[in-house]
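*Asks:* Structure file entry_30.tsv (TSV, N, CA and C atoms) right here:
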chain	number	residue	atom	x	y	z
A	1	MET	N	0.84	-1.16	0.00
A	1	MET	CA	0.00	0.00	0.00
A	1	MET	C	0.90	1.24	0.00
A	2	CYS	N	0.52	2.23	-0.73
A	2	CYS	CA	1.23	3.50	-0.73
A	2	CYS	C	0.36	4.54	-0.06
A	3	LEU	N	0.92	5.23	0.90
A	3	LEU	CA	0.19	6.25	1.64
A	3	LEU	C	0.70	7.63	1.28
A	4	ALA	N	-0.15	8.61	1.47
A	4	ALA	CA	0.29	10.00	1.46
A	4	ALA	C	0.54	10.33	2.92
A	5	VAL	N	1.78	10.65	3.28
A	5	VAL	CA	2.19	10.78	4.67
A	5	VAL	C	2.62	12.22	4.95
A	6	PRO	N	2.18	12.79	6.08
A	6	PRO	CA	2.63	14.14	6.42
A	6	PRO	C	4.06	14.12	6.95
A	7	GLY	N	4.80	15.15	6.58
A	7	GLY	CA	6.18	15.27	7.06
A	7	GLY	C	6.55	16.73	7.23
A	8	ARG	N	7.58	16.96	8.06
A	8	ARG	CA	8.06	18.32	8.34
A	8	ARG	C	9.32	18.58	7.53
A	9	VAL	N	9.35	19.70	6.84
A	9	VAL	CA	10.50	20.09	6.03
A	9	VAL	C	11.63	20.52	6.95
A	10	MET	N	12.77	19.85	6.79
A	10	MET	CA	13.94	20.15	7.63
A	10	MET	C	14.91	21.10	6.93
A	11	ASP	N	15.11	20.90	5.63
A	11	ASP	CA	15.93	21.83	4.85
A	11	ASP	C	15.54	21.72	3.38
A	12	ILE	N	15.91	22.76	2.65
A	12	ILE	CA	15.55	22.85	1.23
A	12	ILE	C	16.78	23.25	0.45
A	13	GLU	N	16.94	22.63	-0.72
A	13	GLU	CA	18.03	23.01	-1.62
A	13	GLU	C	17.58	22.75	-3.06
A	14	GLU	N	18.28	23.36	-3.97
A	14	GLU	CA	18.01	23.13	-5.39
A	14	GLU	C	19.06	22.19	-5.93
A	15	ARG	N	18.60	21.14	-6.60
A	15	ARG	CA	19.51	20.17	-7.21
A	15	ARG	C	19.15	20.00	-8.67
A	16	ASP	N	20.10	20.33	-9.52
A	16	ASP	CA	19.90	20.21	-10.97
A	16	ASP	C	18.60	20.88	-11.42
A	17	GLY	N	18.32	22.05	-10.85
A	17	GLY	CA	17.15	22.82	-11.24
A	17	GLY	C	15.85	22.37	-10.60
A	18	THR	N	15.91	21.44	-9.66
A	18	THR	CA	14.71	20.93	-8.99
A	18	THR	C	14.79	21.26	-7.51
A	19	ARG	N	13.73	21.83	-6.98
A	19	ARG	CA	13.67	22.17	-5.56
A	19	ARG	C	13.39	20.90	-4.76
A	20	MET	N	14.33	20.54	-3.87
A	20	MET	CA	14.25	19.31	-3.08
A	20	MET	C	14.33	19.66	-1.60
A	21	ALA	N	13.74	18.79	-0.77
A	21	ALA	CA	13.76	19.00	0.67
A	21	ALA	C	14.10	17.70	1.39
A	22	THR	N	14.69	17.85	2.56
A	22	THR	CA	14.83	16.74	3.48
A	22	THR	C	13.63	16.85	4.40
A	23	VAL	N	12.84	15.76	4.48
A	23	VAL	CA	11.59	15.79	5.23
A	23	VAL	C	11.60	14.70	6.29
A	24	ASP	N	11.14	15.06	7.49
A	24	ASP	CA	11.06	14.14	8.62
A	24	ASP	C	9.63	13.65	8.76
A	25	PHE	N	9.46	12.32	8.66
A	25	PHE	CA	8.15	11.68	8.80
A	25	PHE	C	8.10	10.97	10.15
A	26	GLY	N	8.10	11.72	11.23
A	26	GLY	CA	8.03	11.10	12.54
A	26	GLY	C	9.24	10.24	12.87
A	27	GLY	N	10.42	10.67	12.45
A	27	GLY	CA	11.64	9.94	12.74
A	27	GLY	C	12.27	9.29	11.53
A	28	VAL	N	11.53	9.15	10.47
A	28	VAL	CA	12.06	8.62	9.21
A	28	VAL	C	12.31	9.82	8.31
A	29	VAL	N	13.54	9.95	7.82
A	29	VAL	CA	13.92	11.12	7.01
A	29	VAL	C	14.12	10.68	5.56
A	30	LYS	N	13.47	11.41	4.65
A	30	LYS	CA	13.55	11.10	3.21
A	30	LYS	C	13.72	12.38	2.42
A	31	GLU	N	14.22	12.23	1.19
A	31	GLU	CA	14.31	13.34	0.25
A	31	GLU	C	12.99	13.43	-0.52
A	32	VAL	N	12.52	14.67	-0.70
A	32	VAL	CA	11.21	14.91	-1.31
A	32	VAL	C	11.31	16.04	-2.33
A	33	CYS	N	10.62	15.89	-3.44
A	33	CYS	CA	10.55	16.93	-4.46
A	33	CYS	C	9.48	17.95	-4.08
A	34	LEU	N	9.82	19.24	-4.18
A	34	LEU	CA	8.90	20.33	-3.82
A	34	LEU	C	8.34	21.06	-5.03
A	35	GLU	N	8.47	20.53	-6.19
A	35	GLU	CA	8.03	21.25	-7.39
A	35	GLU	C	6.54	21.57	-7.42
A	36	TYR	N	5.71	20.77	-6.76
A	36	TYR	CA	4.26	21.05	-6.71
A	36	TYR	C	3.91	22.08	-5.65
A	37	LEU	N	4.83	22.35	-4.71
A	37	LEU	CA	4.63	23.35	-3.66
A	37	LEU	C	5.85	24.27	-3.60
A	38	PRO	N	6.02	25.12	-4.61
A	38	PRO	CA	7.24	25.91	-4.71
A	38	PRO	C	7.45	26.91	-3.59
A	39	ASP	N	6.39	27.25	-2.83
A	39	ASP	CA	6.56	28.23	-1.75
A	39	ASP	C	6.64	27.58	-0.36
A	40	LEU	N	6.71	26.26	-0.29
A	40	LEU	CA	6.84	25.57	0.99
A	40	LEU	C	8.17	25.95	1.64
A	41	GLN	N	8.14	26.18	2.96
A	41	GLN	CA	9.32	26.66	3.68
A	41	GLN	C	9.77	25.65	4.74
A	42	VAL	N	11.02	25.79	5.18
A	42	VAL	CA	11.56	24.97	6.27
A	42	VAL	C	10.67	25.14	7.49
A	43	GLY	N	10.36	24.02	8.14
A	43	GLY	CA	9.51	24.04	9.34
A	43	GLY	C	8.05	23.77	9.06
A	44	GLU	N	7.63	23.92	7.80
A	44	GLU	CA	6.25	23.66	7.46
A	44	GLU	C	6.04	22.16	7.21
A	45	TYR	N	4.78	21.77	7.21
A	45	TYR	CA	4.40	20.37	6.98
A	45	TYR	C	3.72	20.25	5.63
A	46	ALA	N	3.90	19.09	5.03
A	46	ALA	CA	3.23	18.80	3.76
A	46	ALA	C	2.86	17.33	3.71
A	47	ILE	N	1.84	17.04	2.95
A	47	ILE	CA	1.49	15.65	2.68
A	47	ILE	C	2.33	15.22	1.49
A	48	VAL	N	3.01	14.08	1.63
A	48	VAL	CA	3.93	13.59	0.61
A	48	VAL	C	3.46	12.23	0.11
A	49	HIS	N	3.47	12.07	-1.19
A	49	HIS	CA	3.12	10.79	-1.81
A	49	HIS	C	4.16	10.48	-2.87
A	50	VAL	N	4.70	9.30	-2.83
A	50	VAL	CA	5.73	8.79	-3.75
A	50	VAL	C	6.83	9.81	-4.04
A	51	GLY	N	7.27	10.49	-2.96
A	51	GLY	CA	8.41	11.39	-3.08
A	51	GLY	C	8.09	12.80	-3.51
A	52	PHE	N	6.81	13.15	-3.62
A	52	PHE	CA	6.41	14.50	-4.02
A	52	PHE	C	5.53	15.13	-2.95
A	53	ALA	N	5.89	16.35	-2.50
A	53	ALA	CA	5.04	17.11	-1.59
A	53	ALA	C	3.85	17.60	-2.39
A	54	LEU	N	2.64	17.25	-1.92
A	54	LEU	CA	1.44	17.56	-2.69
A	54	LEU	C	0.56	18.65	-2.10
A	55	GLN	N	0.58	18.76	-0.76
A	55	GLN	CA	-0.31	19.73	-0.13
A	55	GLN	C	0.26	20.17	1.21
A	56	ARG	N	0.16	21.46	1.49
A	56	ARG	CA	0.60	22.00	2.78
A	56	ARG	C	-0.39	21.52	3.84
A	57	LEU	N	0.12	21.32	5.07
A	57	LEU	CA	-0.71	20.81	6.15
A	57	LEU	C	-0.31	21.52	7.43
A	58	ASP	N	-1.29	21.82	8.31
A	58	ASP	CA	-0.95	22.45	9.58
A	58	ASP	C	-0.31	21.43	10.51
A	59	GLU	N	0.48	21.92	11.47
A	59	GLU	CA	1.26	21.05	12.35
A	59	GLU	C	0.38	20.11	13.17
A	60	GLU	N	-0.72	20.59	13.71
A	60	GLU	CA	-1.58	19.76	14.54
A	60	GLU	C	-2.14	18.57	13.75
A	61	SER	N	-2.63	18.83	12.55
A	61	SER	CA	-3.15	17.75	11.71
A	61	SER	C	-2.06	16.76	11.34
A	62	ALA	N	-0.87	17.27	11.04
A	62	ALA	CA	0.24	16.40	10.67
A	62	ALA	C	0.61	15.49	11.83
A	63	ARG	N	0.73	16.05	13.03
A	63	ARG	CA	1.11	15.25	14.21
A	63	ARG	C	0.05	14.19	14.54
A	64	LYS	N	-1.22	14.56	14.47
A	64	LYS	CA	-2.29	13.59	14.74
A	64	LYS	C	-2.23	12.44	13.74
A	65	THR	N	-2.02	12.77	12.48
A	65	THR	CA	-1.96	11.75	11.44
A	65	THR	C	-0.76	10.84	11.64
A	66	LEU	N	0.41	11.43	11.92
A	66	LEU	CA	1.62	10.63	12.15
A	66	LEU	C	1.44	9.71	13.35
A	67	ASP	N	0.83	10.21	14.42
A	67	ASP	CA	0.59	9.38	15.61
A	67	ASP	C	-0.33	8.22	15.27
A	68	LEU	N	-1.38	8.49	14.53
A	68	LEU	CA	-2.32	7.43	14.14
A	68	LEU	C	-1.63	6.40	13.25
A	69	PHE	N	-0.87	6.85	12.25
A	69	PHE	CA	-0.14	5.93	11.37
A	69	PHE	C	0.82	5.06	12.16
A	70	ALA	N	1.54	5.67	13.13
A	70	ALA	CA	2.48	4.90	13.95
A	70	ALA	C	1.74	3.86	14.78
A	71	GLU	N	0.62	4.26	15.36
A	71	GLU	CA	-0.18	3.34	16.18
A	71	GLU	C	-0.67	2.15	15.35
A	72	LEU	N	-1.02	2.39	14.12
A	72	LEU	CA	-1.52	1.33	13.24
A	72	LEU	C	-0.40	0.55	12.56
A	73	GLY	N	0.85	0.97	12.75
A	73	GLY	CA	1.97	0.29	12.12
A	73	GLY	C	2.15	0.64	10.66
A	74	LEU	N	1.48	1.69	10.20
A	74	LEU	CA	1.55	2.04	8.78
A	74	LEU	C	2.86	2.72	8.41
A	75	LEU	N	3.51	3.39	9.35
A	75	LEU	CA	4.79	4.02	9.02
A	75	LEU	C	5.85	2.96	8.74
A	76	GLN	N	5.86	1.89	9.54
A	76	GLN	CA	6.82	0.80	9.29
A	76	GLN	C	6.51	0.14	7.95
A	77	GLU	N	5.22	-0.02	7.66
A	77	GLU	CA	4.84	-0.63	6.38
A	77	GLU	C	5.27	0.23	5.21
A	78	GLU	N	5.11	1.54	5.36
A	78	GLU	CA	5.44	2.47	4.28
A	78	GLU	C	6.93	2.70	4.15
A	79	PHE	N	7.64	2.85	5.29
A	79	PHE	CA	9.04	3.25	5.27
A	79	PHE	C	10.01	2.18	5.74
A	80	GLY	N	9.51	1.03	6.16
A	80	GLY	CA	10.40	0.00	6.68
A	80	GLY	C	11.38	-0.49	5.62
A	81	ASP	N	12.40	-1.18	6.08
A	81	ASP	CA	13.41	-1.75	5.19
A	81	ASP	C	12.74	-2.80	4.30
A	82	PRO	N	12.72	-2.61	2.97
A	82	PRO	CA	12.02	-3.55	2.10
A	82	PRO	C	12.58	-4.96	2.16
A	83	TRP	N	13.87	-5.11	2.40
A	83	TRP	CA	14.45	-6.45	2.51
A	83	TRP	C	13.96	-7.14	3.78
A	84	GLU	N	13.91	-6.38	4.86
A	84	GLU	CA	13.43	-6.93	6.13
A	84	GLU	C	11.96	-7.32	6.01
A	85	LEU	N	11.15	-6.45	5.40
A	85	LEU	CA	9.73	-6.75	5.24
A	85	LEU	C	9.52	-7.98	4.37
A	86	ALA	N	10.30	-8.12	3.30
A	86	ALA	CA	10.17	-9.28	2.41
A	86	ALA	C	10.59	-10.56	3.14
A	87	ALA	N	11.65	-10.48	3.94
A	87	ALA	CA	12.11	-11.64	4.70
A	87	ALA	C	11.04	-12.08	5.69
A	88	GLU	N	10.45	-11.11	6.39
A	88	GLU	CA	9.40	-11.44	7.35
A	88	GLU	C	8.20	-12.06	6.66
A	89	ALA	N	7.82	-11.52	5.50
A	89	ALA	CA	6.68	-12.06	4.76
A	89	ALA	C	6.96	-13.48	4.29
A	90	GLY	N	8.23	-13.81	4.04
A	90	GLY	CA	8.61	-15.14	3.59
A	90	GLY	C	8.95	-16.09	4.72
A	91	GLY	N	8.72	-15.66	5.98
A	91	GLY	CA	9.00	-16.53	7.11
A	91	GLY	C	10.46	-16.63	7.46
A	92	MET	N	11.25	-15.67	7.01
A	92	MET	CA	12.69	-15.67	7.29
A	92	MET	C	12.99	-14.55	8.28
A	93	SER	N	14.07	-14.73	9.04
A	93	SER	CA	14.50	-13.64	9.89
A	93	SER	C	15.25	-12.64	9.02
A	94	PRO	N	15.36	-11.38	9.44
A	94	PRO	CA	16.07	-10.38	8.64
A	94	PRO	C	17.53	-10.74	8.39
A	95	THR	N	18.10	-11.64	9.20
A	95	THR	CA	19.51	-12.02	9.02
A	95	THR	C	19.66	-13.14	8.01
A	96	GLY	N	18.54	-13.67	7.51
A	96	GLY	CA	18.63	-14.65	6.44
A	96	GLY	C	18.26	-16.07	6.82
A	97	GLY	N	18.26	-16.42	8.09
A	97	GLY	CA	17.90	-17.77	8.49
A	97	GLY	C	16.41	-17.89	8.72
A	98	ALA	N	15.94	-19.12	8.73
A	98	ALA	CA	14.52	-19.34	9.00
A	98	ALA	C	14.25	-19.04	10.46
A	99	GLU	N	13.12	-18.45	10.71
A	99	GLU	CA	12.76	-18.14	12.08
A	99	GLU	C	12.33	-19.41	12.80
A	100	ALA	N	12.60	-19.46	14.08
A	100	ALA	CA	12.17	-20.61	14.89
A	100	ALA	C	10.66	-20.60	14.99
A	101	PRO	N	10.04	-21.76	14.92
A	101	PRO	CA	8.58	-21.80	15.04
A	101	PRO	C	8.15	-21.26	16.39
A	102	GLN	N	7.05	-20.55	16.39
A	102	GLN	CA	6.51	-20.00	17.61
A	102	GLN	C	5.77	-21.07	18.38
A	103	GLU	N	6.04	-21.17	19.68
A	103	GLU	CA	5.35	-22.15	20.53
A	103	GLU	C	3.94	-21.65	20.80
A	104	VAL	N	2.99	-22.51	20.64
A	104	VAL	CA	1.60	-22.16	20.87
A	104	VAL	C	1.24	-22.54	22.29
A	105	GLN	N	0.74	-21.58	23.05
A	105	GLN	CA	0.30	-21.86	24.41
A	105	GLN	C	-1.17	-22.16	24.40
A	106	GLN	N	-1.55	-23.19	25.17
A	106	GLN	CA	-2.97	-23.57	25.23
A	106	GLN	C	-3.52	-23.37	26.60
Take the structure in the file and write it out as structure tokens.
*Replies:*
Amino acid sequence: MCLAVPGRVMDIEERDGTRMATVDFGGVVKEVCLEYLPDLQVGEYAIVHVGFALQRLDEESARKTLDLFAELGLLQEEFGDPWELAAEAGGMSPTGGAEAPQEVQQ
């Protein structure tokens, strides 16, 4: 699933003619394109989808959404290590070995 996730702009720079930002998504930091929001400033929040800031968002709404996503485990699903997630889905530990079967308590 791909989510549109709110994040806080930490810094902005121009790279090869494209306005880019470092954005914090509740502890996960990613590079984001700001071309759709050319007036977005450091410290502001935006909703980001597939690496593009799409809409400005107030801080309270952004924090509530991030808290809800974290509670539901959606931030890990969206930003988690893809190799780790694939290993877990395949019944493997992230280190490559098969996980020990879980003991069922009755």
*Asks:* Can you list, as a list of chain:residue names, every protein, DNA or RNA residue that comes within 6.5 Å of segment 53-70 of chain A when you count all atoms listed in the file, leaving out same-chain residues fewer than 6 positions away?
*Replies:*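 Skipping anything fewer than 6 positions along the chain leaves A:Pro6, A:Gly7, A:Gly26, A:Val32, A:Cys33, A:Leu34, A:Glu35, A:Tyr36, A:Leu37, A:Glu44, A:Tyr45, A:Ala46, A:Ile47, A:Gln76.
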*Asks:* Between A:Glu71, A:Gly17, A:Gln41, A:Val5, which is the closest to Val29 of chain A once you count only C-alpha atoms?
*Replies:*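 Counting only C-alpha atoms, the residue closest to Val29 of chain A is A:Val5.
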*Asks:* By how many Å are atom C of Met20 of chain A and atom C of Gly73 of chain A apart?
*Replies:*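 These two atoms are separated by 25.7 Å.
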*Asks:* Just want the 6.5 Å neighbourhood of Gly43 of chain A, counted on all atoms listed in the file, with same-chain residues fewer than 6 positions away dropped. Output as a PyMOL selection string.
*Replies:* chain A and resi 8-11
*Asks:* Among the residues of segment 8-90 of chain A, find those DSSP assigns to alpha helix (DSSP H) from the backbone and print them as a CSV table (one decimal) with N, CA and C atoms, in the coordinates of the input.
*Replies:*
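New file states.csv:
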chain,number,residue,atom,x,y,z
A,59,GLU,N,0.5,21.9,11.5
A,59,GLU,CA,1.3,21.0,12.4
A,59,GLU,C,0.4,20.1,13.2
A,60,GLU,N,-0.7,20.6,13.7
A,60,GLU,CA,-1.6,19.8,14.5
A,60,GLU,C,-2.1,18.6,13.8
A,61,SER,N,-2.6,18.8,12.6
A,61,SER,CA,-3.2,17.8,11.7
A,61,SER,C,-2.1,16.8,11.3
A,62,ALA,N,-0.9,17.3,11.0
A,62,ALA,CA,0.2,16.4,10.7
A,62,ALA,C,0.6,15.5,11.8
A,63,ARG,N,0.7,16.0,13.0
A,63,ARG,CA,1.1,15.2,14.2
A,63,ARG,C,0.0,14.2,14.5
A,64,LYS,N,-1.2,14.6,14.5
A,64,LYS,CA,-2.3,13.6,14.7
A,64,LYS,C,-2.2,12.4,13.7
A,65,THR,N,-2.0,12.8,12.5
A,65,THR,CA,-2.0,11.8,11.4
A,65,THR,C,-0.8,10.8,11.6
A,66,LEU,N,0.4,11.4,11.9
A,66,LEU,CA,1.6,10.6,12.2
A,66,LEU,C,1.4,9.7,13.4
A,67,ASP,N,0.8,10.2,14.4
A,67,ASP,CA,0.6,9.4,15.6
A,67,ASP,C,-0.3,8.2,15.3
A,68,LEU,N,-1.4,8.5,14.5
A,68,LEU,CA,-2.3,7.4,14.1
A,68,LEU,C,-1.6,6.4,13.2
A,69,PHE,N,-0.9,6.8,12.2
A,69,PHE,CA,-0.1,5.9,11.4
A,69,PHE,C,0.8,5.1,12.2
A,70,ALA,N,1.5,5.7,13.1
A,70,ALA,CA,2.5,4.9,14.0
A,70,ALA,C,1.7,3.9,14.8
A,71,GLU,N,0.6,4.3,15.4
A,71,GLU,CA,-0.2,3.3,16.2
A,71,GLU,C,-0.7,2.2,15.4
A,72,LEU,N,-1.0,2.4,14.1
A,72,LEU,CA,-1.5,1.3,13.2
A,72,LEU,C,-0.4,0.6,12.6
A,74,LEU,N,1.5,1.7,10.2
A,74,LEU,CA,1.6,2.0,8.8
A,74,LEU,C,2.9,2.7,8.4
A,75,LEU,N,3.5,3.4,9.4
A,75,LEU,CA,4.8,4.0,9.0
A,75,LEU,C,5.8,3.0,8.7
A,76,GLN,N,5.9,1.9,9.5
A,76,GLN,CA,6.8,0.8,9.3
A,76,GLN,C,6.5,0.1,8.0
A,77,GLU,N,5.2,0.0,7.7
A,77,GLU,CA,4.8,-0.6,6.4
A,77,GLU,C,5.3,0.2,5.2
A,78,GLU,N,5.1,1.5,5.4
A,78,GLU,CA,5.4,2.5,4.3
A,78,GLU,C,6.9,2.7,4.2
A,79,PHE,N,7.6,2.8,5.3
A,79,PHE,CA,9.0,3.2,5.3
A,79,PHE,C,10.0,2.2,5.7
A,82,PRO,N,12.7,-2.6,3.0
A,82,PRO,CA,12.0,-3.6,2.1
A,82,PRO,C,12.6,-5.0,2.2
A,83,TRP,N,13.9,-5.1,2.4
A,83,TRP,CA,14.4,-6.4,2.5
A,83,TRP,C,14.0,-7.1,3.8
A,84,GLU,N,13.9,-6.4,4.9
A,84,GLU,CA,13.4,-6.9,6.1
A,84,GLU,C,12.0,-7.3,6.0
A,85,LEU,N,11.2,-6.4,5.4
A,85,LEU,CA,9.7,-6.8,5.2
A,85,LEU,C,9.5,-8.0,4.4
A,86,ALA,N,10.3,-8.1,3.3
A,86,ALA,CA,10.2,-9.3,2.4
A,86,ALA,C,10.6,-10.6,3.1
A,87,ALA,N,11.6,-10.5,3.9
A,87,ALA,CA,12.1,-11.6,4.7
A,87,ALA,C,11.0,-12.1,5.7
A,88,GLU,N,10.4,-11.1,6.4
A,88,GLU,CA,9.4,-11.4,7.4
A,88,GLU,C,8.2,-12.1,6.7
A,89,ALA,N,7.8,-11.5,5.5
A,89,ALA,CA,6.7,-12.1,4.8
A,89,ALA,C,7.0,-13.5,4.3
*Asks:* Which of these, A:Glu31, A:Ala4, A:Val23, A:Arg15, has the shortest distance to His49 of chain A once you count only C-alpha atoms?
*Replies:*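 The closest residue to His49 of chain A is A:Ala4.
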*Asks:* What is the atom C of Val42 of chain A to atom N of Ile12 of chain A distance in Å?
*Replies:*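 Result for atom C of Val42 of chain A versus atom N of Ile12 of chain A: 7.5 Å, one decimal.
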*Asks:* Report the distance between atom CA of Val48 of chain A and atom CA of Thr18 of chain A in Å, rounded to one decimal place.
*Replies:* 16.2 Å
*Asks:* Model the absent atoms of segment 31-40 of chain A so that all heavy atoms are present, and write the result as an mmCIF file, in the coordinates of the input.
*Replies:*
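Written out: selection_3.cif:
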data_model
loop_
_atom_site.group_PDB
_atom_site.id
_atom_site.type_symbol
_atom_site.label_atom_id
_atom_site.label_comp_id
_atom_site.auth_asym_id
_atom_site.auth_seq_id
_atom_site.Cartn_x
_atom_site.Cartn_y
_atom_site.Cartn_z
ATOM 1 N N GLU A 31 14.220 12.230 1.190
ATOM 2 C CA GLU A 31 14.310 13.340 0.250
ATOM 3 C C GLU A 31 12.990 13.430 -0.520
ATOM 4 O O GLU A 31 12.443 12.417 -0.959
ATOM 5 C CB GLU A 31 15.459 13.121 -0.728
ATOM 6 C CG GLU A 31 16.820 13.131 -0.068
ATOM 7 C CD GLU A 31 17.143 14.461 0.573
ATOM 8 O OE1 GLU A 31 16.997 15.510 -0.089
ATOM 9 O OE2 GLU A 31 17.521 14.458 1.760
ATOM 10 N N VAL A 32 12.520 14.670 -0.700
ATOM 11 C CA VAL A 32 11.210 14.910 -1.310
ATOM 12 C C VAL A 32 11.310 16.040 -2.330
ATOM 13 O O VAL A 32 11.989 17.044 -2.078
ATOM 14 C CB VAL A 32 10.179 15.285 -0.215
ATOM 15 C CG1 VAL A 32 8.864 15.729 -0.818
ATOM 16 C CG2 VAL A 32 9.971 14.119 0.732
ATOM 17 N N CYS A 33 10.620 15.890 -3.440
ATOM 18 C CA CYS A 33 10.550 16.930 -4.460
ATOM 19 C C CYS A 33 9.480 17.950 -4.080
ATOM 20 O O CYS A 33 8.361 17.592 -3.715
ATOM 21 C CB CYS A 33 10.216 16.305 -5.805
ATOM 22 S SG CYS A 33 10.077 17.514 -7.135
ATOM 23 N N LEU A 34 9.820 19.240 -4.180
ATOM 24 C CA LEU A 34 8.900 20.330 -3.820
ATOM 25 C C LEU A 34 8.340 21.060 -5.030
ATOM 26 O O LEU A 34 7.761 22.140 -4.884
ATOM 27 C CB LEU A 34 9.605 21.335 -2.909
ATOM 28 C CG LEU A 34 10.118 20.829 -1.571
ATOM 29 C CD1 LEU A 34 10.731 21.977 -0.790
ATOM 30 C CD2 LEU A 34 9.023 20.152 -0.780
ATOM 31 N N GLU A 35 8.470 20.530 -6.190
ATOM 32 C CA GLU A 35 8.030 21.250 -7.390
ATOM 33 C C GLU A 35 6.540 21.570 -7.420
ATOM 34 O O GLU A 35 6.128 22.552 -8.008
ATOM 35 C CB GLU A 35 8.423 20.465 -8.652
ATOM 36 C CG GLU A 35 9.921 20.457 -8.902
ATOM 37 C CD GLU A 35 10.494 21.853 -9.109
ATOM 38 O OE1 GLU A 35 10.040 22.581 -10.016
ATOM 39 O OE2 GLU A 35 11.408 22.230 -8.351
ATOM 40 N N TYR A 36 5.710 20.770 -6.760
ATOM 41 C CA TYR A 36 4.260 21.050 -6.710
ATOM 42 C C TYR A 36 3.910 22.080 -5.650
ATOM 43 O O TYR A 36 2.798 22.619 -5.645
ATOM 44 C CB TYR A 36 3.460 19.779 -6.464
ATOM 45 C CG TYR A 36 3.550 18.772 -7.584
ATOM 46 C CD1 TYR A 36 3.832 17.440 -7.311
ATOM 47 C CD2 TYR A 36 3.350 19.138 -8.915
ATOM 48 C CE1 TYR A 36 3.908 16.501 -8.332
ATOM 49 C CE2 TYR A 36 3.436 18.217 -9.935
ATOM 50 C CZ TYR A 36 3.709 16.896 -9.644
ATOM 51 O OH TYR A 36 3.778 15.979 -10.645
ATOM 52 N N LEU A 37 4.830 22.350 -4.710
ATOM 53 C CA LEU A 37 4.630 23.350 -3.660
ATOM 54 C C LEU A 37 5.850 24.270 -3.600
ATOM 55 O O LEU A 37 6.638 24.240 -2.664
ATOM 56 C CB LEU A 37 4.438 22.661 -2.296
ATOM 57 C CG LEU A 37 3.189 21.822 -2.121
ATOM 58 C CD1 LEU A 37 3.197 21.119 -0.772
ATOM 59 C CD2 LEU A 37 1.936 22.675 -2.266
ATOM 60 N N PRO A 38 6.020 25.120 -4.610
ATOM 61 C CA PRO A 38 7.240 25.910 -4.710
ATOM 62 C C PRO A 38 7.450 26.910 -3.590
ATOM 63 O O PRO A 38 8.578 27.336 -3.349
ATOM 64 C CB PRO A 38 7.090 26.630 -6.057
ATOM 65 C CG PRO A 38 5.633 26.604 -6.349
ATOM 66 C CD PRO A 38 5.087 25.374 -5.701
ATOM 67 N N ASP A 39 6.390 27.250 -2.830
ATOM 68 C CA ASP A 39 6.560 28.230 -1.750
ATOM 69 C C ASP A 39 6.640 27.580 -0.360
ATOM 70 O O ASP A 39 6.677 28.279 0.646
ATOM 71 C CB ASP A 39 5.430 29.257 -1.779
ATOM 72 C CG ASP A 39 4.056 28.634 -1.610
ATOM 73 O OD1 ASP A 39 3.906 27.416 -1.862
ATOM 74 O OD2 ASP A 39 3.126 29.356 -1.222
ATOM 75 N N LEU A 40 6.710 26.260 -0.290
ATOM 76 C CA LEU A 40 6.840 25.570 0.990
ATOM 77 C C LEU A 40 8.170 25.950 1.640
ATOM 78 O O LEU A 40 9.189 26.033 0.966
ATOM 79 C CB LEU A 40 6.759 24.054 0.782
ATOM 80 C CG LEU A 40 6.520 23.205 2.024
ATOM 81 C CD1 LEU A 40 5.144 23.480 2.617
ATOM 82 C CD2 LEU A 40 6.648 21.738 1.681
#
